[in-house]
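For reference, query_35.txt is printed below; it contains compact mmCIF, C-alpha atoms.
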# COMPACT_ATOMS: atom_id res chain seq x y z
CA GLU A 1 76.64 95.46 231.15
CA ALA A 2 80.10 94.05 230.62
CA GLY A 3 80.84 90.80 232.36
CA VAL A 4 84.00 89.66 234.12
CA VAL A 5 86.91 89.97 231.72
CA GLN A 6 90.00 87.80 231.97
CA SER A 7 93.16 87.74 229.94
CA PRO A 8 94.84 85.96 228.38
CA ARG A 9 92.42 83.20 227.38
CA TYR A 10 95.21 80.72 226.81
CA LYS A 11 98.81 80.54 227.97
CA ILE A 12 101.50 77.95 227.34
CA ILE A 13 104.74 78.24 229.27
CA GLU A 14 107.69 76.09 230.17
CA LYS A 15 108.05 74.89 233.74
CA LYS A 16 109.97 77.19 236.07
CA GLN A 17 108.84 80.24 234.10
CA PRO A 18 106.63 82.94 235.63
CA VAL A 19 103.10 83.66 234.46
CA ALA A 20 100.46 86.25 235.31
CA PHE A 21 96.72 86.40 234.82
CA TRP A 22 94.58 89.50 234.83
CA CYS A 23 90.95 90.02 235.82
CA ASN A 24 88.61 92.97 235.48
CA PRO A 25 85.46 92.38 237.55
CA ILE A 26 81.98 93.73 236.96
CA SER A 27 81.80 97.38 237.90
CA GLY A 28 80.65 97.91 241.48
CA HIS A 29 81.35 94.35 242.63
CA ASN A 30 83.32 94.49 245.85
CA THR A 31 84.03 90.77 246.10
CA LEU A 32 86.51 89.13 243.75
CA TYR A 33 87.47 85.46 243.63
CA TRP A 34 90.20 83.46 241.97
CA TYR A 35 89.39 79.79 241.46
CA ARG A 36 91.41 76.98 239.88
CA GLN A 37 89.67 74.25 237.92
CA ASN A 38 91.58 71.07 237.17
CA LEU A 39 90.44 68.87 234.32
CA GLY A 40 87.26 67.02 235.19
CA GLN A 41 86.92 68.72 238.56
CA GLY A 42 84.90 71.53 240.09
CA PRO A 43 86.51 74.91 240.70
CA GLU A 44 88.46 75.31 243.94
CA LEU A 45 88.95 78.63 245.68
CA LEU A 46 92.43 80.11 245.69
CA ILE A 47 91.74 83.55 247.15
CA ARG A 48 88.85 85.90 247.90
CA TYR A 49 89.02 89.68 248.10
CA GLU A 50 86.65 92.12 249.73
CA ASN A 51 87.62 95.37 248.05
CA GLU A 52 91.42 95.40 248.22
CA GLU A 53 91.71 93.11 251.25
CA ALA A 54 92.40 89.40 250.87
CA VAL A 55 89.94 87.88 253.36
CA ASP A 56 90.43 84.21 252.49
CA ASP A 57 93.73 83.00 251.05
CA SER A 58 94.11 79.79 253.00
CA GLN A 59 94.11 77.68 249.82
CA LEU A 60 96.66 79.80 247.97
CA PRO A 61 100.07 78.07 247.71
CA LYS A 62 102.01 81.02 248.94
CA ASP A 63 105.44 79.67 248.10
CA ARG A 64 104.81 80.23 244.40
CA PHE A 65 101.46 81.98 244.02
CA SER A 66 100.73 85.63 244.72
CA ALA A 67 97.79 87.89 244.04
CA GLU A 68 96.95 91.52 244.34
CA ARG A 69 93.95 93.75 243.89
CA LEU A 70 95.15 97.30 243.82
CA LYS A 71 92.49 99.97 244.36
CA GLY A 72 89.91 97.27 244.88
CA VAL A 73 89.11 96.82 241.19
CA ASP A 74 91.33 94.82 238.82
CA SER A 75 93.29 91.86 240.10
CA THR A 76 96.33 89.88 239.01
CA LEU A 77 97.30 86.35 239.93
CA LYS A 78 100.92 85.32 239.51
CA ILE A 79 102.74 82.02 239.59
CA GLN A 80 106.50 81.97 239.92
CA PRO A 81 107.93 79.52 239.14
CA ALA A 82 105.28 77.44 237.40
CA GLU A 83 105.22 73.67 237.80
CA LEU A 84 103.69 71.01 235.58
CA GLY A 85 100.90 70.48 238.13
CA ASP A 86 99.79 74.08 237.76
CA SER A 87 98.21 73.28 234.40
CA ALA A 88 94.54 74.14 234.85
CA VAL A 89 91.92 76.74 234.08
CA TYR A 90 92.12 79.80 236.31
CA LEU A 91 88.76 81.44 236.84
CA CYS A 92 88.01 84.90 238.13
CA ALA A 93 84.59 85.78 239.52
CA SER A 94 83.01 88.84 241.09
CA SER A 95 80.02 89.37 243.31
CA ALA A 96 77.96 92.20 244.74
CA GLN A 97 75.83 90.07 247.05
CA VAL A 98 75.59 86.28 247.11
CA GLU A 99 75.74 85.04 243.52
CA ALA A 100 78.98 85.25 241.61
CA PHE A 101 79.59 85.96 237.95
CA PHE A 102 82.48 84.22 236.26
CA GLY A 103 84.86 85.16 233.50
CA GLN A 104 85.73 82.74 230.73
CA GLY A 105 88.94 81.75 232.44
CA THR A 106 92.58 81.40 231.46
CA ARG A 107 93.68 77.96 230.37
CA LEU A 108 97.28 77.46 231.50
CA THR A 109 99.43 74.70 230.09
CA VAL A 110 102.83 74.14 231.64
CA VAL A 111 105.18 72.03 229.52
CA ALA B 1 81.95 74.27 257.09
CA GLN B 2 80.15 73.73 253.83
CA SER B 3 80.30 70.99 251.23
CA VAL B 4 78.41 69.67 248.25
CA THR B 5 78.05 66.14 246.95
CA GLN B 6 76.87 65.59 243.41
CA LEU B 7 75.68 62.03 243.41
CA ASP B 8 76.31 61.27 239.73
CA SER B 9 79.45 62.09 237.80
CA HIS B 10 77.73 61.37 234.49
CA VAL B 11 74.08 61.29 233.45
CA SER B 12 72.90 60.28 229.99
CA VAL B 13 69.35 60.91 228.76
CA SER B 14 67.53 60.76 225.46
CA GLU B 15 66.36 63.97 223.85
CA GLY B 16 62.86 64.83 225.01
CA THR B 17 63.05 62.84 228.25
CA PRO B 18 63.29 64.29 231.77
CA VAL B 19 66.56 65.34 233.37
CA LEU B 20 67.43 64.80 237.04
CA LEU B 21 70.81 65.88 238.43
CA ARG B 22 71.17 65.15 242.11
CA CYS B 23 72.87 67.30 244.73
CA ASN B 24 73.17 67.01 248.50
CA TYR B 25 74.71 69.73 250.63
CA SER B 26 76.13 70.20 254.09
CA SER B 27 76.23 73.59 255.75
CA SER B 28 76.69 74.91 259.27
CA TYR B 29 74.82 78.03 258.25
CA SER B 30 71.60 78.86 256.50
CA PRO B 31 72.65 78.11 252.90
CA SER B 32 72.33 79.71 249.55
CA LEU B 33 72.41 77.16 246.77
CA PHE B 34 73.14 77.50 243.08
CA TRP B 35 73.38 75.50 239.92
CA TYR B 36 75.91 76.59 237.32
CA VAL B 37 76.36 75.18 233.82
CA GLN B 38 79.61 75.02 231.88
CA HIS B 39 79.63 74.30 228.18
CA PRO B 40 82.93 73.19 226.61
CA ASN B 41 85.46 76.00 226.49
CA LYS B 42 82.90 78.42 227.91
CA GLY B 43 82.60 80.20 231.23
CA LEU B 44 80.35 79.20 234.10
CA GLN B 45 76.79 80.43 233.70
CA LEU B 46 74.30 80.70 236.55
CA LEU B 47 71.22 78.55 235.93
CA LEU B 48 69.31 79.31 239.10
CA LYS B 49 69.70 80.19 242.77
CA TYR B 50 68.01 79.56 246.10
CA THR B 51 68.43 82.27 248.72
CA SER B 52 65.89 81.40 251.43
CA ALA B 53 62.79 82.53 249.57
CA ALA B 54 60.58 80.07 247.64
CA THR B 55 61.82 76.50 247.90
CA LEU B 56 60.98 75.72 244.25
CA VAL B 57 63.26 77.79 242.10
CA LYS B 58 62.87 78.30 238.37
CA GLY B 59 65.88 79.10 236.25
CA ILE B 60 66.83 79.65 232.66
CA ASN B 61 66.28 77.23 229.78
CA GLY B 62 63.43 75.40 231.54
CA PHE B 63 65.46 74.15 234.48
CA GLU B 64 64.19 74.19 238.05
CA ALA B 65 65.35 72.96 241.45
CA GLU B 66 63.70 72.30 244.77
CA PHE B 67 65.32 73.05 248.11
CA LYS B 68 64.48 70.33 250.64
CA LYS B 69 65.93 71.16 254.02
CA SER B 70 64.86 67.87 255.62
CA GLU B 71 66.76 65.94 252.95
CA THR B 72 69.58 68.51 252.56
CA SER B 73 69.04 68.25 248.84
CA PHE B 74 68.83 70.63 245.90
CA HIS B 75 68.21 68.46 242.84
CA LEU B 76 68.07 70.01 239.36
CA THR B 77 65.33 68.95 236.95
CA LYS B 78 64.04 69.68 233.49
CA PRO B 79 60.94 68.09 231.96
CA SER B 80 62.36 67.56 228.48
CA ALA B 81 66.04 67.46 227.55
CA HIS B 82 67.36 69.26 224.51
CA MET B 83 70.58 68.52 222.67
CA SER B 84 71.90 71.94 223.69
CA ASP B 85 71.63 70.94 227.38
CA ALA B 86 74.67 68.69 227.06
CA ALA B 87 77.26 70.26 229.37
CA GLU B 88 78.86 70.05 232.82
CA TYR B 89 76.64 71.07 235.72
CA PHE B 90 77.86 72.21 239.12
CA CYS B 91 75.93 72.41 242.36
CA VAL B 92 77.27 75.16 244.62
CA VAL B 93 76.70 76.15 248.26
CA SER B 94 77.38 79.40 250.03
CA ARG B 95 76.17 81.18 253.13
CA SER B 96 72.87 83.00 252.71
CA SER B 97 74.21 86.09 254.42
CA GLY B 98 77.07 86.27 251.95
CA ASN B 99 80.68 86.94 252.88
CA THR B 100 81.69 83.35 252.25
CA PRO B 101 83.11 81.76 249.14
CA LEU B 102 81.18 79.52 246.80
CA VAL B 103 81.92 75.84 247.39
CA PHE B 104 81.54 73.70 244.29
CA GLY B 105 80.63 70.08 243.82
CA LYS B 106 82.72 67.96 241.48
CA GLY B 107 80.23 68.32 238.68
CA THR B 108 77.86 66.13 236.69
CA ARG B 109 78.35 65.70 232.98
CA LEU B 110 75.04 65.56 231.15
CA SER B 111 74.93 63.78 227.80
CA VAL B 112 71.85 64.04 225.59
CA ILE B 113 71.31 61.32 223.02
CA ALA B 114 69.38 62.01 219.85
Is it possible to give me this structure as structure tokens?
Amino acid sequence: EAGVVQSPRYKIIEKKQPVAFWCNPISGHNTLYWYRQNLGQGPELLIRYENEEAVDDSQLPKDRFSAERLKGVDSTLKIQPAELGDSAVYLCASSAQVEAFFGQGTRLTVV
Amino acid sequence: AQSVTQLDSHVSVSEGTPVLLRCNYSSSYSPSLFWYVQHPNKGLQLLLKYTSAATLVKGINGFEAEFKKSETSFHLTKPSAHMSDAAEYFCVVSRSSGNTPLVFGKGTRLSVIA
């Protein structure tokens, strides 16, 4: 069974530029999460989807971050414009019940 | 509300000696608890989970954890550390009925000395 797939694995951009991350969850998993992990810290939730509905986006900085999950499968997370403080690993996870399965993440560096 | 406190940011053990990584949780609901491991430049891998069944949970690679409701703890143990166990470990809490996000602790870095 294929796991959660994220792309790209690494991204380096200049500040003020836009960037997008893509996630393909495990087939049949209705719940999809985006987490951000800063260096030396635990992951923090950005947004959670149940199918195509965002049910928890209270931690998403909506002035520059946006996300979508069309058709309740793949999801994209966008930052526009990026700031230096956005440098982090962005993790996607999916779940069918309680436990979540994580992708390898996208390491974003903003210079 | 839910939260997790990992009591040690860094633990160092010698190869072949026991491992203890401590975790306390707070939850308004009946919790599910997890331990995840993250090796450098790798994704998060589930070690084990507690979901209101047996309080002593066995996971992969010889790890186990015991849910103690009276102490609100879920400590991770392993009888004998191996060099390959060196990694970052995260204690995680969620709601046992699901439909809530996973809340992570700040992590404990385990070093194994030869």
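Minimum atom-to-atom distance to chain A, evaluated using all atoms listed in the file, belongs to B:Lys49 out of B:Lys49, B:Lys58, B:His10, B:Arg22.
If we count only C-alpha atoms, these residues of chain A sit within 7 Å of chain B: Gln41, Gly42, Pro43, Gln97, Val98, Phe102, Gly103, Gln104 and Gly105 of chain A.
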Hey, can you spit out that residue selection with C-alpha atoms as a short mmCIF file (atom, residue, chain, number, x, y, z; two decimals), keeping the file's coordinate frame?
data_model
loop_
_atom_site.label_atom_id
_atom_site.label_comp_id
_atom_site.auth_asym_id
_atom_site.auth_seq_id
_atom_site.Cartn_x
_atom_site.Cartn_y
_atom_site.Cartn_z
CA GLN A 41 86.92 68.72 238.56
CA GLY A 42 84.90 71.53 240.09
CA PRO A 43 86.51 74.91 240.70
CA GLN A 97 75.83 90.07 247.05
CA VAL A 98 75.59 86.28 247.11
CA PHE A 102 82.48 84.22 236.26
CA GLY A 103 84.86 85.16 233.50
CA GLN A 104 85.73 82.74 230.73
CA GLY A 105 88.94 81.75 232.44
#
query = Within 8 Å of A:Phe21, counting only C-alpha atoms, which residues qualify if same-chain residues fewer than 6 places away don't, as a PyMOL selection string?
reply = chain A and resi 6-8+76-78+106
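Residue nearest B:Tyr25, chosen from B:Ser111, B:Thr55, B:Ser84, B:Ser70 and counting all atoms listed in the file: B:Ser70.
The residue that comes closest to B:Val112, out of B:Cys23, B:Ala87, B:Leu56, B:Val37 and on the basis of all atoms listed in the file, is B:Ala87.
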